[in-house]
Each structure stands twice: as C-alpha cells, then as structure tokens.
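Below is run_4.tsv, which holds TSV, C-alpha atoms.
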```tsv
chain	number	residue	atom	x	y	z
U	28	MET	CA	104.44	143.94	91.12
U	29	VAL	CA	101.98	141.58	89.45
U	30	LYS	CA	98.75	143.12	88.18
U	31	ILE	CA	95.67	141.48	89.72
U	32	GLN	CA	92.38	141.31	87.85
U	33	THR	CA	89.47	139.86	89.86
U	34	PHE	CA	86.19	138.73	88.33
U	35	VAL	CA	82.99	136.89	89.23
U	36	GLU	CA	81.31	134.93	86.44
U	37	HIS	CA	77.66	133.99	86.80
U	38	PHE	CA	76.19	130.88	85.14
U	39	ASP	CA	72.44	130.54	84.63
U	40	GLU	CA	72.73	127.18	82.90
U	41	PRO	CA	72.47	124.15	85.23
U	42	LEU	CA	75.50	122.17	86.38
U	43	TYR	CA	74.71	118.46	86.50
U	44	LEU	CA	76.61	116.91	89.38
U	45	GLU	CA	78.11	113.46	89.74
U	46	SER	CA	75.64	112.71	92.56
U	47	GLY	CA	72.69	113.20	90.22
U	48	ARG	CA	71.77	116.53	91.78
U	49	ILE	CA	71.78	119.84	89.91
U	50	LEU	CA	73.09	123.31	90.65
U	51	GLU	CA	70.64	125.43	88.68
U	52	THR	CA	72.82	128.54	88.88
U	53	TYR	CA	76.30	129.22	90.24
U	54	ASP	CA	79.06	131.80	90.45
U	55	LEU	CA	82.81	131.35	90.06
U	56	LYS	CA	85.24	133.96	91.35
U	57	TYR	CA	88.66	134.05	89.72
U	58	GLU	CA	91.81	136.11	89.32
U	59	MET	CA	94.00	136.71	86.28
U	60	TYR	CA	97.63	137.80	86.21
U	61	GLY	CA	99.27	138.82	82.95
U	62	GLU	CA	97.57	139.17	79.58
U	63	MET	CA	96.22	136.55	77.21
U	64	ASN	CA	97.82	136.50	73.79
U	65	GLU	CA	95.69	136.71	70.66
U	66	ASP	CA	94.93	132.99	70.36
U	67	LYS	CA	94.79	132.51	74.16
U	68	SER	CA	97.46	129.83	74.01
U	69	ASN	CA	99.61	131.26	76.83
U	70	VAL	CA	97.20	130.52	79.68
U	71	ILE	CA	98.38	128.66	82.77
U	72	ILE	CA	95.69	127.35	85.10
U	73	ILE	CA	96.48	127.29	88.82
U	74	PHE	CA	94.35	125.08	91.06
U	75	HIS	CA	94.29	125.97	94.76
U	76	ALA	CA	94.40	123.62	97.75
U	77	LEU	CA	91.85	122.91	100.49
U	78	THR	CA	91.82	126.26	102.28
U	79	GLY	CA	93.27	128.36	99.46
U	80	SER	CA	91.41	130.71	97.16
U	81	HIS	CA	91.58	132.41	93.77
U	82	HIS	CA	94.04	134.89	95.29
U	83	ALA	CA	97.24	133.09	94.30
U	84	ALA	CA	99.62	136.01	93.78
U	85	GLY	CA	100.18	139.71	94.36
U	86	ARG	CA	98.73	141.97	97.02
U	87	TYR	CA	95.48	143.88	97.14
U	88	GLU	CA	95.78	147.50	98.20
U	89	GLY	CA	96.42	147.60	101.94
U	90	GLU	CA	97.02	143.86	102.13
U	91	THR	CA	100.01	142.75	104.20
U	92	LYS	CA	100.09	139.12	103.06
U	93	ALA	CA	100.47	138.25	99.39
U	94	GLY	CA	98.62	135.49	97.52
U	95	TRP	CA	99.35	131.94	98.60
U	96	TRP	CA	101.81	131.13	95.72
U	97	ASP	CA	103.21	134.62	95.26
U	98	PRO	CA	106.89	133.52	95.27
U	99	LEU	CA	106.23	131.52	92.10
U	100	ILE	CA	103.83	133.76	90.15
U	101	GLY	CA	104.65	137.21	88.82
U	102	ASP	CA	106.71	139.24	86.40
U	103	GLY	CA	110.07	137.54	85.94
U	104	LYS	CA	109.24	134.71	88.35
U	105	ILE	CA	109.09	130.97	87.59
U	106	VAL	CA	105.52	131.35	86.32
U	107	ASP	CA	106.39	134.53	84.44
U	108	THR	CA	103.39	136.81	83.97
U	109	THR	CA	105.20	138.76	81.26
U	110	LYS	CA	104.96	135.56	79.16
U	111	TYR	CA	101.94	133.75	80.55
U	112	CYS	CA	98.42	134.66	81.56
U	113	VAL	CA	97.69	132.92	84.85
U	114	VAL	CA	94.12	132.08	85.89
U	115	CYS	CA	93.17	130.83	89.35
U	116	VAL	CA	89.53	130.02	90.15
U	117	ASN	CA	87.95	129.71	93.59
U	118	ILE	CA	86.44	126.23	93.65
U	119	LEU	CA	82.74	125.53	94.06
U	120	GLY	CA	81.95	124.96	97.72
U	121	SER	CA	84.53	127.43	98.99
U	122	CYS	CA	83.76	130.57	100.97
U	123	PHE	CA	85.77	133.15	99.04
U	124	GLY	CA	83.32	134.17	96.35
U	125	SER	CA	82.25	131.10	94.39
U	126	THR	CA	78.94	129.39	95.08
U	127	GLY	CA	78.99	127.35	98.28
U	128	PRO	CA	76.78	126.21	101.14
U	129	MET	CA	76.28	129.74	102.50
U	130	SER	CA	75.24	131.12	99.11
U	131	ILE	CA	71.70	132.41	98.84
U	132	ASN	CA	69.08	130.17	97.27
U	133	PRO	CA	67.45	132.46	94.66
U	134	LYS	CA	64.05	130.87	95.29
U	135	THR	CA	63.94	131.00	99.10
U	136	LYS	CA	66.28	134.00	99.56
U	137	GLU	CA	67.93	132.01	102.37
U	138	PRO	CA	71.39	130.41	102.54
U	139	LEU	CA	71.50	126.88	101.11
U	140	ARG	CA	73.40	125.53	104.15
U	141	LEU	CA	73.01	121.73	104.35
U	142	LYS	CA	70.73	121.76	101.30
U	143	PHE	CA	73.82	122.48	99.23
U	144	PRO	CA	74.71	119.30	97.29
U	145	VAL	CA	77.78	117.20	97.96
U	146	LEU	CA	80.41	117.97	95.35
U	147	THR	CA	83.16	115.89	93.82
U	148	ILE	CA	86.45	117.04	92.33
U	149	SER	CA	84.95	116.22	88.92
U	150	ASP	CA	82.09	118.64	89.62
U	151	MET	CA	84.53	121.41	90.54
U	152	VAL	CA	86.55	120.79	87.40
U	153	ARG	CA	83.46	120.68	85.18
U	154	ALA	CA	82.35	124.07	86.48
U	155	GLN	CA	85.80	125.52	85.80
U	156	MET	CA	85.81	124.08	82.30
U	157	ASN	CA	82.54	125.92	81.68
U	158	LEU	CA	84.32	129.11	82.73
U	159	PHE	CA	87.31	128.45	80.49
U	160	THR	CA	85.00	127.78	77.56
U	161	ARG	CA	83.23	131.06	78.18
U	162	LEU	CA	86.60	132.83	78.29
U	163	GLY	CA	87.54	131.28	74.96
U	164	ILE	CA	90.40	129.19	76.39
U	165	LYS	CA	90.41	126.09	74.21
U	166	GLU	CA	93.80	124.71	75.23
U	167	ALA	CA	95.85	125.75	78.27
U	168	TYR	CA	99.60	125.99	78.03
U	169	ALA	CA	99.86	124.26	81.42
U	170	ILE	CA	98.04	123.26	84.59
U	171	LEU	CA	99.62	123.53	88.04
U	172	GLY	CA	98.22	122.41	91.36
U	173	GLY	CA	99.25	121.06	94.75
U	174	SER	CA	97.36	118.84	97.20
U	175	LEU	CA	93.62	119.32	96.48
U	176	GLY	CA	94.75	121.46	93.55
U	177	GLY	CA	96.73	118.47	92.28
U	178	MET	CA	93.60	116.34	92.47
U	179	GLN	CA	91.84	118.87	90.24
U	180	GLY	CA	94.77	118.86	87.83
U	181	LEU	CA	94.84	115.07	87.58
U	182	CYS	CA	91.07	114.94	87.20
U	183	MET	CA	91.14	117.51	84.40
U	184	SER	CA	93.94	115.72	82.57
U	185	ILE	CA	91.90	112.50	82.61
U	186	GLU	CA	88.42	113.88	81.92
U	187	TYR	CA	89.45	116.67	79.53
U	188	PRO	CA	92.60	115.17	78.00
U	189	HIS	CA	92.94	117.69	75.17
U	190	PHE	CA	92.69	120.80	77.34
U	191	ALA	CA	96.28	121.15	78.58
U	192	LYS	CA	99.67	120.33	77.10
U	193	ARG	CA	101.52	120.18	80.42
U	194	VAL	CA	100.19	119.11	83.82
U	195	ILE	CA	102.33	119.74	86.90
U	196	LEU	CA	101.10	118.12	90.11
U	197	LEU	CA	102.64	118.56	93.56
U	198	ALA	CA	102.08	116.76	96.89
U	199	THR	CA	98.92	115.02	95.76
U	200	THR	CA	97.45	111.58	95.12
U	201	TYR	CA	95.24	109.67	92.70
U	202	ALA	CA	92.91	108.64	95.55
U	203	THR	CA	92.61	109.92	99.12
U	204	GLY	CA	93.75	107.22	101.54
U	205	PRO	CA	92.41	106.31	105.00
U	206	TRP	CA	95.23	108.18	106.78
U	207	ALA	CA	94.15	111.52	105.26
U	208	ILE	CA	90.46	110.72	105.72
U	209	ALA	CA	91.10	110.01	109.41
U	210	TRP	CA	92.69	113.43	109.93
U	211	ASN	CA	89.72	115.07	108.21
U	212	LYS	CA	87.34	113.16	110.47
U	213	ILE	CA	88.68	114.96	113.54
U	214	ALA	CA	87.75	118.35	112.11
U	215	MET	CA	84.39	117.08	110.87
U	216	GLU	CA	83.42	115.68	114.28
U	217	GLY	CA	84.53	118.87	115.99
U	218	ILE	CA	82.40	121.05	113.75
U	219	VAL	CA	79.15	119.10	113.75
U	220	ASN	CA	79.21	118.43	117.52
U	221	ASP	CA	79.86	122.02	118.55
U	222	PRO	CA	76.63	123.54	119.99
U	223	ARG	CA	77.36	126.82	118.20
U	224	PHE	CA	77.26	125.02	114.84
U	225	LYS	CA	73.49	124.63	115.33
U	226	ASN	CA	73.24	121.88	112.70
U	227	GLY	CA	74.43	124.35	110.10
U	228	ASN	CA	71.98	127.09	111.07
U	229	TYR	CA	74.54	129.47	112.52
U	230	ASP	CA	74.98	133.14	111.70
U	231	PRO	CA	78.41	133.63	110.07
U	232	GLU	CA	78.76	136.88	112.01
U	233	ASP	CA	78.91	134.80	115.19
U	234	PHE	CA	82.38	133.52	114.28
U	235	LYS	CA	84.11	136.74	113.24
U	236	GLU	CA	85.26	137.65	116.74
U	237	GLU	CA	85.47	134.14	118.14
U	238	GLY	CA	85.64	131.23	115.73
U	239	LEU	CA	83.86	127.94	116.24
U	240	LEU	CA	85.85	126.38	119.10
U	241	SER	CA	85.74	122.75	117.99
U	242	PHE	CA	86.53	123.78	114.42
U	243	ALA	CA	89.68	125.47	115.73
U	244	ILE	CA	90.67	122.31	117.61
U	245	GLY	CA	90.04	120.15	114.55
U	246	ARG	CA	92.14	122.52	112.48
U	247	MET	CA	94.99	122.18	114.98
U	248	ALA	CA	94.92	118.42	114.49
U	249	GLY	CA	94.76	118.79	110.72
U	250	HIS	CA	97.64	121.23	110.70
U	251	ILE	CA	99.86	118.64	112.37
U	252	SER	CA	99.35	116.45	109.30
U	253	PHE	CA	100.65	119.26	107.06
U	254	LEU	CA	103.97	119.38	108.90
U	255	SER	CA	106.44	116.75	110.14
U	256	PRO	CA	108.36	115.94	113.32
U	257	HIS	CA	111.51	117.30	111.66
U	258	SER	CA	109.96	120.65	110.69
U	259	MET	CA	108.45	121.08	114.15
U	260	ASN	CA	111.77	120.31	115.81
U	261	LYS	CA	113.50	122.83	113.57
U	262	LYS	CA	110.86	125.54	113.98
U	263	PHE	CA	110.09	125.20	117.71
U	264	GLY	CA	112.36	122.73	119.44
U	265	ARG	CA	111.44	122.58	123.11
U	266	ASN	CA	111.32	126.34	123.46
U	267	TYR	CA	108.91	127.66	126.04
U	268	VAL	CA	106.78	130.80	125.82
U	269	GLU	CA	108.81	133.49	127.54
U	270	THR	CA	105.88	134.93	129.50
U	271	ASP	CA	104.57	131.56	130.72
U	272	GLY	CA	105.79	129.79	133.83
U	273	LEU	CA	107.21	126.29	133.39
U	274	TYR	CA	105.27	125.05	136.40
U	275	GLU	CA	101.99	126.72	135.48
U	276	LEU	CA	99.49	124.03	134.47
U	277	PHE	CA	98.51	125.94	131.34
U	278	GLY	CA	101.97	127.29	130.58
U	279	ARG	CA	102.83	126.62	126.95
U	280	PHE	CA	105.64	125.49	124.73
U	281	GLN	CA	106.13	127.59	121.63
U	282	VAL	CA	104.62	124.84	119.49
U	283	GLU	CA	101.46	124.94	121.63
U	284	ARG	CA	101.11	128.69	121.19
U	285	TYR	CA	101.60	128.26	117.44
U	286	MET	CA	98.86	125.63	117.27
U	287	GLU	CA	96.50	127.89	119.22
U	288	TYR	CA	97.17	130.84	116.93
U	289	ASN	CA	96.80	128.78	113.77
U	290	GLY	CA	93.62	127.02	114.86
U	291	TYR	CA	91.74	129.96	116.35
U	292	SER	CA	92.63	132.44	113.61
U	293	PHE	CA	91.63	129.95	110.91
U	294	ALA	CA	88.24	129.34	112.54
U	295	LYS	CA	87.50	133.06	112.28
U	296	ARG	CA	88.19	133.33	108.55
U	297	PHE	CA	86.99	130.05	107.04
U	298	ASP	CA	83.36	128.98	106.93
U	299	PRO	CA	82.79	125.65	108.73
U	300	LEU	CA	80.18	124.41	106.27
U	301	SER	CA	82.52	125.11	103.36
U	302	TYR	CA	85.20	123.15	105.16
U	303	LEU	CA	82.86	120.16	105.58
U	304	TYR	CA	81.90	120.16	101.91
U	305	ILE	CA	85.46	120.52	100.65
U	306	ILE	CA	86.92	117.79	102.86
U	307	LYS	CA	84.06	115.54	101.74
U	308	ALA	CA	85.06	116.16	98.11
U	309	MET	CA	88.68	115.45	99.02
U	310	ASN	CA	87.79	112.28	100.92
U	311	ILE	CA	85.78	110.74	98.09
U	312	PHE	CA	88.29	111.67	95.40
U	313	ASP	CA	89.39	108.56	93.51
U	314	ALA	CA	90.62	108.86	89.94
U	315	THR	CA	89.75	105.19	89.39
U	316	ARG	CA	86.13	105.35	90.59
U	317	ASN	CA	84.54	105.62	87.18
U	318	TYR	CA	87.09	103.35	85.52
U	319	ASP	CA	88.09	99.70	85.75
U	320	SER	CA	91.54	100.41	87.19
U	321	LEU	CA	94.23	103.06	87.58
U	322	ASP	CA	95.60	101.95	84.21
U	323	ASP	CA	92.20	102.42	82.63
U	324	SER	CA	91.95	105.90	84.13
U	325	LEU	CA	95.43	107.17	83.29
U	326	LYS	CA	95.37	105.90	79.71
U	327	HIS	CA	93.17	108.89	78.82
U	328	ILE	CA	95.90	111.40	79.66
U	329	LYS	CA	97.41	113.19	76.63
U	330	ALA	CA	99.41	115.88	78.46
U	331	LYS	CA	103.00	115.60	79.63
U	332	LEU	CA	102.82	114.95	83.38
U	333	THR	CA	105.32	116.31	85.88
U	334	LEU	CA	104.86	114.78	89.32
U	335	ILE	CA	106.57	116.35	92.34
U	336	SER	CA	106.32	114.62	95.71
U	337	PHE	CA	108.06	115.42	98.99
U	338	GLN	CA	109.91	112.89	101.07
U	339	GLY	CA	108.51	114.11	104.40
U	340	ASP	CA	104.88	114.33	103.24
U	341	CYS	CA	102.85	112.23	105.67
U	342	LEU	CA	99.47	113.20	104.21
U	343	PHE	CA	99.88	112.22	100.55
U	344	MET	CA	102.92	110.04	100.64
U	345	PRO	CA	105.50	109.92	97.82
U	346	GLU	CA	104.67	106.33	96.91
U	347	GLU	CA	101.15	107.44	95.97
U	348	MET	CA	102.48	109.72	93.25
U	349	GLY	CA	105.17	107.19	92.44
U	350	LEU	CA	102.44	104.69	91.59
U	351	ILE	CA	101.11	107.07	88.94
U	352	LYS	CA	104.54	107.09	87.29
U	353	THR	CA	104.95	103.31	87.57
U	354	THR	CA	101.49	102.74	86.10
U	355	MET	CA	102.23	105.02	83.17
U	356	GLU	CA	105.54	103.23	82.56
U	357	ASN	CA	103.87	99.80	82.69
U	358	MET	CA	101.45	100.99	80.03
U	359	GLY	CA	104.41	101.90	77.82
U	360	ARG	CA	103.82	105.62	78.33
U	361	GLY	CA	106.82	106.42	80.47
U	362	GLU	CA	107.87	109.20	78.10
U	363	ARG	CA	104.71	111.11	79.07
U	364	VAL	CA	105.61	111.41	82.76
U	365	ASP	CA	108.46	112.85	84.81
U	366	TYR	CA	108.63	112.15	88.52
U	367	VAL	CA	110.82	113.61	91.23
U	368	CYS	CA	110.69	113.11	94.99
U	369	ILE	CA	112.11	116.20	96.66
U	370	ASP	CA	114.54	115.67	99.54
U	371	SER	CA	112.44	117.55	102.07
U	372	HIS	CA	111.58	116.92	105.69
U	373	TYR	CA	109.17	119.85	106.02
U	374	GLY	CA	106.00	117.83	105.52
U	375	HIS	CA	102.98	118.15	103.22
U	376	ASP	CA	103.07	121.96	103.18
U	377	ALA	CA	106.53	121.95	101.59
U	378	PHE	CA	104.88	122.82	98.27
U	379	LEU	CA	103.81	126.13	99.86
U	380	VAL	CA	107.12	126.85	101.58
U	381	GLU	CA	110.29	125.27	100.17
U	382	TYR	CA	110.13	126.85	96.72
U	383	ASP	CA	113.87	126.71	96.14
U	384	LYS	CA	113.75	122.92	96.27
U	385	PHE	CA	111.23	122.43	93.47
U	386	ASP	CA	110.87	125.62	91.40
U	387	PHE	CA	113.54	124.34	88.97
U	388	TYR	CA	111.32	121.38	88.06
U	389	ILE	CA	108.35	123.65	87.38
U	390	LYS	CA	110.52	125.86	85.18
U	391	LYS	CA	111.84	122.82	83.32
U	392	ALA	CA	108.33	121.48	82.76
U	393	LEU	CA	107.04	124.82	81.48
U	394	GLU	CA	109.93	125.16	79.03
U	395	ALA	CA	109.76	121.58	77.77
U	396	LYS	CA	108.57	120.93	74.24
U	397	VAL	CA	105.56	118.61	74.11
```
Hey, can you dump this file as structure tokens for me?
Amino acid sequence: MVKIQTFVEHFDEPLYLESGRILETYDLKYEMYGEMNEDKSNVIIIFHALTGSHHAAGRYEGETKAGWWDPLIGDGKIVDTTKYCVVCVNILGSCFGSTGPMSINPKTKEPLRLKFPVLTISDMVRAQMNLFTRLGIKEAYAILGGSLGGMQGLCMSIEYPHFAKRVILLATTYATGPWAIAWNKIAMEGIVNDPRFKNGNYDPEDFKEEGLLSFAIGRMAGHISFLSPHSMNKKFGRNYVETDGLYELFGRFQVERYMEYNGYSFAKRFDPLSYLYIIKAMNIFDATRNYDSLDDSLKHIKAKLTLISFQGDCLFMPEEMGLIKTTMENMGRGERVDYVCIDSHYGHDAFLVEYDKFDFYIKKALEAKV
C-alpha cells in the first residue's frame, strides 16, 4: 500500500497573474508518495484533470475509493514509488484545499466568490513552480498529466523548459477548441441561471444534501463528452432499469439512471464556482497565445515529449496532439517527441480507465535515457 503524505503550503508573497491581477496570498494542497532522494532528482510531478485533486493514489483510512490514478502509482506499479517520489498538487481555483473562489479573503473575512480572479493554466503552473522551488526540486525526473493535467504539463514544458527531463501528456491539446468550449458552456449556463446559485452568494452547506440542480444537468451533458457511443453501447446497451415500467413516462434506461447518479452526486461534492473558474481556465488555454505560432511556442521545449492520444476521444481529438508531433518534426526536432494514438473506443476518459492499453508507453518513457 502506497504511503500518503498530505501537506498544505502557504504563500505570503504575491502571485502576479496573467490577467494583471494579483493573488496576495494563497495556499496549495499537495500529496507525496515515496521518498525524495538526496539530490531530489527522482521526483515525478502528476498534474490532475478538471475535477480531480491532489489525491492521485492510495486510500485514506476508511476510504472506499482510491486516488484517481491509483492503478498507475504505487510500490511496484508503473510509476513505482519505491524508485520515484510522486508529487500531485491541487490546482489553484479548485475546491479540495488550494486557494479558490470560496477561500476566505483575509481582509474582509468573507469568501472571495466572484471577486476571485480569473486564472489561466500559466497561473496555475507558476504557483506550482513556486511550491517546487520551496521544496528544493530544481529538476523533475518527469511530468505526467492527462486532459487539463496535460495542458499544465505542456505549459510547464514551454514556460519552464529546464524543469523536467521527460514530459508525458495524455488526451490533451495545445489549445481548447470550440467543440470542448461548447460542452463547457452547457454547464456554465446551468450554474449561473439556477436560482439557488444566487449570483455566487450561496451557502456551500445548501448543496451537501441536494446539489445545484442545473449544475447536475450540465455535468450530465459534460459527462457524455468524456465517453463515446461505443463505450455507452458496451456499458449499457438498451438495458432498462429492472424496477421501472417500460410504459411509465419517467421509466428509465440504464444509461439514464447512470447519468442521473453521475450528475447529482457530482453536484453535491464539487463547488460550482470552482467549476466555473476551472472551465474558464481550460477554455482560454492556448499554448500559442503569447507566441507568434505553434512553432514559436514549441521551440522552447527541452524535455523529451511522449504524447498519448486515444482514437475515440471526441473532446480533445487525436489530430490535436498529432499536430504537436508534426510541428516538432517540421522544426527538425522529431527526435524529441514520441507519439502514439491508442486503439480505444472508450472516449476521452480512457486515460482514467483503460490503463492496460497505455501503461507500457508511460513505462517506456520513464525508462528512456534523455
């Protein structure tokens, strides 16, 4: 069983954001698995996705569900914690311990709510780099991340090119496209137009027993984008709920019951303001924004890139990651990037489920000499 160490690091120094605004103070919550070696050269950074957290592996006492990437991280696993020290940080804006919109303003003693500044992926990465500096981690052995975590990994490899030797990105993109932004819009509209949202002035306790209804509905829509027609056919088919009548108006197929469970349970555990801020950061992510072109952006990368896309991913499609590889090759840097498109029909969430289809490539990348 992997040993979990959980910490909260407080920063009194200001964080200057891409928007021009400033976070005067902030906290970052993180977990460590394994032990750092003497020169701290065995550290692997794990970046979590949209609704993930710092809890990437292992189980807390009394916890029934392990961390979100537990099959990959632990003693003797692909990311072997007998060899590596793994660090996973809860991103700024999230609701699992790092500073976010419901954090208390030290001056007013009230939650920041909509006064919290809009963040970018660069801001999140800059805050984490401040943490790594404080921990004495000058160069990571590797970076791993999927989806939003992959955006952080790509951003770090561009903006802090000497920090990591290996960067492994899964099911991600160099810039969020209109298809993904459109799915996020459904959840955003649901949240802000729900009367119980109260323009952000809700009491979080109000949602513990019954989540924000429109947030749950928006999450149902978003969850469809994480799957695929093939995975839904395989998982549910046309099976009907055994206790529901076929000719009852509100009788349900199994897939409908699953969507209800997923949406309503999520709305009880995830803060709606955090969701708004994080999907905003995801929507505006564009690795070329501060550069002349994708070429101009990627030329800064020093690490060896391993890109893993999934054939059935309808959110961040394989050609988006393929373009990163093609661009690197056209710059004469093809030796610095490996790309594989996994034969998977599961959908975007394959990087959280179909480990046996891609864990070999992570192992290969971690063992490669760079």
**Item:** Point-to-point distance in Å for CA of Gly61 (chain U) and CA of Thr108 (chain U)
**Value:** 4.7 Å
**Message:** Under the rule that all atoms listed in the file are counted, which of U:Thr270, U:Phe297, U:Glu283, U:Gly176 is the nearest residue to Glu237 (chain U)?
**Reply:**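 For Glu237 (chain U), the nearest of the given residues is U:Phe297.
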**Prompt:** Taking into account all atoms listed in the file, which residue in the set U:Ser174, U:Ser292, U:Thr315, U:Ser125 is nearest to Leu379 (chain U)?
**Reply:**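 Using all atoms listed in the file, Leu379 (chain U) sits closest to U:Ser174.
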**Request:** Choose the residue, out of U:Leu321, U:Ile389, U:Ile311, U:Leu303, that has the smallest atom-to-atom separation from Gly127 (chain U); count all atoms listed in the file.
**Result:**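 So, comparing all the options, the nearest one is U:Leu303.
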Where does region 146-205 of chain U meet region 356-366 of chain U within 12 Å, residue by residue, with the nearest atom pair and distance in Å to one decimal for each, counting only C-alpha atoms, listed by chain and rising number, as a Markdown table?
```
| residue | atom | partner | partner_atom | distance |
| --- | --- | --- | --- | --- |
| U:Lys192 | CA | U:Arg363 | CA | 10.7 |
| U:Arg193 | CA | U:Arg363 | CA | 9.7 |
| U:Val194 | CA | U:Val364 | CA | 9.5 |
| U:Ile195 | CA | U:Asp365 | CA | 9.5 |
| U:Leu196 | CA | U:Tyr366 | CA | 9.7 |
| U:Leu197 | CA | U:Tyr366 | CA | 10.1 |
| U:Ala198 | CA | U:Tyr366 | CA | 11.6 |
```
Residues from the last selection, C-alpha atoms, saved as a CSV table (one decimal), in the frame of the given file:
```csv
chain,number,residue,atom,x,y,z
U,192,LYS,CA,99.7,120.3,77.1
U,193,ARG,CA,101.5,120.2,80.4
U,194,VAL,CA,100.2,119.1,83.8
U,195,ILE,CA,102.3,119.7,86.9
U,196,LEU,CA,101.1,118.1,90.1
U,197,LEU,CA,102.6,118.6,93.6
U,198,ALA,CA,102.1,116.8,96.9
```
**Item:** Pick from U:Val282, U:Gly180, U:Ile31, U:Leu300 nearest to Asn228 (chain U), counting only C-alpha atoms
**Value:**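 For Asn228 (chain U), the nearest of the candidates is U:Leu300.
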**Request:** Select, counting all atoms listed in the file, all protein, DNA and RNA residues no farther than 7 Å from (103.3, 112.6, 96.1) in file coordinates, and express the selection as JSON, numbers by chain.
**Result:** {"U": [197, 198, 199, 200, 335, 336, 337, 343, 344, 345, 346, 347, 348, 349]}
Could you turn the residues from that selection into a file that holds C-alpha atoms, as an mmCIF file, keeping the file's coordinate frame?
```cif
data_model
loop_
_atom_site.group_PDB
_atom_site.id
_atom_site.type_symbol
_atom_site.label_atom_id
_atom_site.label_comp_id
_atom_site.auth_asym_id
_atom_site.auth_seq_id
_atom_site.Cartn_x
_atom_site.Cartn_y
_atom_site.Cartn_z
ATOM 1 C CA LEU U 197 102.640 118.560 93.560
ATOM 2 C CA ALA U 198 102.080 116.760 96.890
ATOM 3 C CA THR U 199 98.920 115.020 95.760
ATOM 4 C CA THR U 200 97.450 111.580 95.120
ATOM 5 C CA ILE U 335 106.570 116.350 92.340
ATOM 6 C CA SER U 336 106.320 114.620 95.710
ATOM 7 C CA PHE U 337 108.060 115.420 98.990
ATOM 8 C CA PHE U 343 99.880 112.220 100.550
ATOM 9 C CA MET U 344 102.920 110.040 100.640
ATOM 10 C CA PRO U 345 105.500 109.920 97.820
ATOM 11 C CA GLU U 346 104.670 106.330 96.910
ATOM 12 C CA GLU U 347 101.150 107.440 95.970
ATOM 13 C CA MET U 348 102.480 109.720 93.250
ATOM 14 C CA GLY U 349 105.170 107.190 92.440
#
```
**Asked** With only C-alpha atoms as the atoms that count, which of U:Lys142, U:Arg161, U:Lys352, U:Lys225 lies nearest to Arg48 (chain U)?
**Response**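 Once distances to Arg48 (chain U) are computed over only C-alpha atoms, the minimum belongs to U:Lys142.
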**Request:** Write out as JSON, numbers by chain the residues lying within 6 Å of region 183-191 of chain U, counting all atoms listed in the file and excluding same-chain residues fewer than 2 positions away.
**Result:** {"U": [166, 167, 168, 169, 180, 181, 193, 327, 328, 329]}
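The gap separating CA of Phe123 (chain U) from CA of Phe143 (chain U) is 16.0 Å, in Å to one decimal.
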Per-residue nearest contacts of region 87-142 of chain U to region 63-68 of chain U (12 Å; only C-alpha atoms) as a Markdown table:
```
| residue | atom | partner | partner_atom | distance |
| --- | --- | --- | --- | --- |
| U:Thr108 | CA | U:Met63 | CA | 9.9 |
| U:Thr109 | CA | U:Met63 | CA | 10.1 |
| U:Lys110 | CA | U:Asn64 | CA | 9.0 |
| U:Tyr111 | CA | U:Met63 | CA | 7.2 |
| U:Cys112 | CA | U:Met63 | CA | 5.2 |
| U:Val113 | CA | U:Met63 | CA | 8.6 |
| U:Val114 | CA | U:Met63 | CA | 10.0 |
```
